[in-house]
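Quick look at target-v7.cif (mmCIF, C-alpha atoms):
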data_final
loop_
_atom_site.label_atom_id
_atom_site.label_comp_id
_atom_site.auth_asym_id
_atom_site.auth_seq_id
_atom_site.Cartn_x
_atom_site.Cartn_y
_atom_site.Cartn_z
CA MET A 27 94.79 88.78 85.65
CA ALA A 28 96.01 90.18 88.96
CA LYS A 29 93.50 91.25 91.57
CA GLN A 30 94.23 94.00 94.08
CA THR A 31 94.97 92.70 97.59
CA ASP A 32 95.47 94.18 101.05
CA TYR A 33 98.98 92.77 101.45
CA VAL A 34 101.68 92.53 98.78
CA GLY A 35 105.00 90.78 99.32
CA THR A 36 107.71 91.06 96.70
CA LEU A 37 110.41 88.42 96.52
CA PHE A 38 113.67 88.87 94.62
CA ASP A 39 115.78 85.80 95.54
CA ASN A 40 115.70 82.20 94.35
CA SER A 41 116.38 79.02 96.30
CA ASP A 42 120.10 79.17 95.53
CA SER A 43 120.60 82.76 96.66
CA ASN A 44 118.46 82.90 99.81
CA PRO A 45 116.02 80.20 100.92
CA SER A 46 115.33 82.08 104.17
CA LYS A 47 113.79 85.02 102.28
CA ILE A 48 111.58 82.63 100.29
CA THR A 49 110.34 81.00 103.47
CA LEU A 50 109.73 84.36 105.14
CA ALA A 51 107.84 85.70 102.10
CA PHE A 52 105.35 82.84 102.12
CA THR A 53 105.16 82.74 105.92
CA MET A 54 104.22 86.43 106.15
CA ALA A 55 101.77 86.19 103.25
CA GLY A 56 100.12 83.26 105.01
CA VAL A 57 99.92 85.29 108.24
CA ALA A 58 98.16 88.07 106.32
CA LEU A 59 95.56 85.55 105.10
CA LYS A 60 95.09 84.16 108.62
CA GLN A 61 94.41 87.69 109.84
CA GLY A 62 91.64 88.05 107.26
CA HIS A 63 93.52 90.10 104.68
CA SER A 64 93.80 89.27 101.00
CA ALA A 65 97.41 88.63 99.96
CA THR A 66 99.76 88.50 96.98
CA VAL A 67 103.37 87.39 96.54
CA ILE A 68 105.11 88.80 93.46
CA LEU A 69 108.13 86.93 92.09
CA MET A 70 110.64 89.37 90.62
CA VAL A 71 114.27 89.39 89.47
CA ASP A 72 115.85 85.97 90.31
CA ALA A 73 112.71 84.80 92.13
CA VAL A 74 111.00 84.16 88.77
CA HIS A 75 112.78 80.78 88.83
CA LEU A 76 110.49 79.89 91.75
CA ALA A 77 107.55 79.98 89.33
CA LEU A 78 108.76 76.74 87.76
CA PRO A 79 106.74 73.70 88.91
CA ASN A 80 108.08 72.10 92.09
CA ALA A 81 110.77 74.77 92.51
CA LEU A 82 110.08 75.02 96.25
CA ASP A 83 110.03 71.29 96.97
CA ASN A 84 113.51 71.25 98.54
CA VAL A 85 113.39 74.63 100.31
CA ASP A 86 113.26 73.91 104.05
CA ILE A 87 115.22 76.12 106.45
CA GLY A 88 114.02 74.22 109.53
CA ASP A 89 112.29 75.10 112.78
CA PRO A 90 110.29 77.06 113.52
CA PHE A 91 109.41 77.45 109.83
CA GLU A 92 107.44 75.06 107.62
CA PRO A 93 108.92 73.91 104.30
CA ALA A 94 108.41 76.53 101.59
CA GLY A 95 106.54 74.15 99.28
CA GLU A 96 103.97 73.49 102.00
CA LEU A 97 103.67 77.22 102.72
CA LEU A 98 103.07 77.89 99.02
CA GLU A 99 100.36 75.26 98.70
CA ALA A 100 98.58 76.44 101.86
CA PHE A 101 98.80 80.05 100.64
CA ILE A 102 97.20 79.23 97.29
CA GLU A 103 94.59 76.95 98.89
CA LYS A 104 93.51 79.79 101.20
CA GLY A 105 93.09 82.25 98.32
CA GLY A 106 96.50 83.88 98.02
CA GLN A 107 97.82 84.80 94.60
CA VAL A 108 101.34 84.38 93.27
CA LEU A 109 102.26 86.65 90.37
CA VAL A 110 105.36 86.65 88.17
CA CYS A 111 107.09 89.65 86.60
CA GLY A 112 107.09 89.12 82.82
CA ALA A 113 110.07 91.38 82.12
CA CYS A 114 112.06 89.59 84.83
CA MET A 115 111.15 86.26 83.24
CA LYS A 116 112.38 87.42 79.85
CA HIS A 117 115.60 88.80 81.35
CA ASN A 118 116.24 85.48 83.17
CA GLY A 119 115.34 83.23 80.23
CA VAL A 120 112.22 81.75 81.87
CA ALA A 121 109.47 81.00 79.37
CA GLU A 122 105.84 81.58 80.30
CA SER A 123 105.02 78.12 78.98
CA ASP A 124 107.36 76.61 81.60
CA ILE A 125 105.93 78.19 84.75
CA ASP A 126 103.22 76.93 87.09
CA LYS A 127 99.89 77.65 85.39
CA ARG A 128 98.47 78.98 88.68
CA PHE A 129 100.83 81.98 88.54
CA PRO A 130 99.72 84.83 86.26
CA VAL A 131 102.41 86.88 84.50
CA ILE A 132 102.23 90.62 85.14
CA SER A 133 103.92 93.81 83.94
CA GLY A 134 105.76 96.57 85.77
CA ASP A 135 102.60 98.67 85.57
CA ASP A 136 100.75 95.91 87.43
CA VAL A 137 103.44 95.76 90.13
CA VAL A 138 103.17 99.49 90.83
CA LYS A 139 99.37 99.39 90.82
CA LEU A 140 99.34 96.47 93.27
CA LEU A 141 101.85 98.10 95.61
CA MET A 142 100.15 101.50 95.57
CA GLY A 143 96.73 99.97 96.18
CA SER A 144 97.74 97.68 99.03
CA LYS A 145 97.32 98.46 102.70
CA GLY A 146 100.80 97.12 103.41
CA SER A 147 103.75 95.50 101.72
CA LEU A 148 106.97 93.66 102.46
CA GLN A 149 109.91 93.67 100.06
CA LEU A 150 112.39 90.84 100.51
CA ASN A 151 115.44 91.84 98.51
#

Conversion result in structure tokens:
Amino acid sequence: MAKQTDYVGTLFDNSDSNPSKITLAFTMAGVALKQGHSATVILMVDAVHLALPNALDNVDIGDPFEPAGELLEAFIEKGGQVLVCGACMKHNGVAESDIDKRFPVISGDDVVKLLMGSKGSLQLN
């Protein structure tokens, strides 16, 4: 189940379409945590493919950014939540049984509730 957070980032691209947006999404979410805010990253549209285990292992855009896989692990370790749009998964042929078990699947209603209840958001589309 998704918990409401101060910061919500929504990510729409996968590692093939735009690795820079992936890196920025997890960098900014990590910054929110460092500043003492709670934070969420929602994977939507093509970004649902990033919910597959090890999907970020080869995403590294270089200095001054850390590799996306490391950003993800640090984000989760520090209490961040990664959520996945269920309708987007269905549309993209991604089965819930295939995704990282740490990533809850949410509905469109959940997305709107999270965005409306946050103090700030960043959409990377």

Between A:Phe129, A:Leu140, A:Leu150, A:Leu69, which residue has the minimum interatomic distance to Ala113 (chain A), considering all atoms listed in the file?
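Result for the nearest residue to Ala113 (chain A): A:Leu69.
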
Tell me which protein, DNA and RNA residues are within 6 Å of Leu82 (chain A), counting all atoms listed in the file, leaving out same-chain ones fewer than 3 positions away, and put them as a ChimeraX atom specification.
/A:85,94-95

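Counting only C-alpha atoms and comparing A:Pro45, A:Val57, A:Asp86, A:Val110, the residue that lies closest to Val137 (chain A) is A:Val110.
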
Check the smallest atom-to-atom distance from each of A:Ala73, A:Asp42, A:Ala51, A:Val67 to Asn118 (chain A) using all atoms listed in the file, then report the winner.
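Closest candidate: A:Ala73.
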
Go through A:Ile48, A:Ala100, A:Leu109, A:Met27 one by one, measure the shortest atom-to-atom distance of each to Thr66 (chain A) using all atoms listed in the file, and give the residue with the smallest value.
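Using all atoms listed in the file, the shortest distance to Thr66 (chain A) belongs to A:Leu109.
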
One number please: CA of His63 (chain A) to CA of Tyr33 (chain A), in Å, one decimal.
6.9 Å

Selected by the PyMOL selection byres ((chain A and resi 105) around 8) in the shown coordinates: which residues, as a PDB file with C-alpha atoms, keeping the file's coordinate frame?
ATOM      1  CA  LEU A  59      95.560  85.550 105.100  1.00  0.00           C
ATOM      2  CA  SER A  64      93.800  89.270 101.000  1.00  0.00           C
ATOM      3  CA  ALA A  65      97.410  88.630  99.960  1.00  0.00           C
ATOM      4  CA  PHE A 101      98.800  80.050 100.640  1.00  0.00           C
ATOM      5  CA  ILE A 102      97.200  79.230  97.290  1.00  0.00           C
ATOM      6  CA  GLU A 103      94.590  76.950  98.890  1.00  0.00           C
ATOM      7  CA  LYS A 104      93.510  79.790 101.200  1.00  0.00           C
ATOM      8  CA  GLY A 106      96.500  83.880  98.020  1.00  0.00           C
ATOM      9  CA  GLN A 107      97.820  84.800  94.600  1.00  0.00           C
TER      10      GLN A 107
END
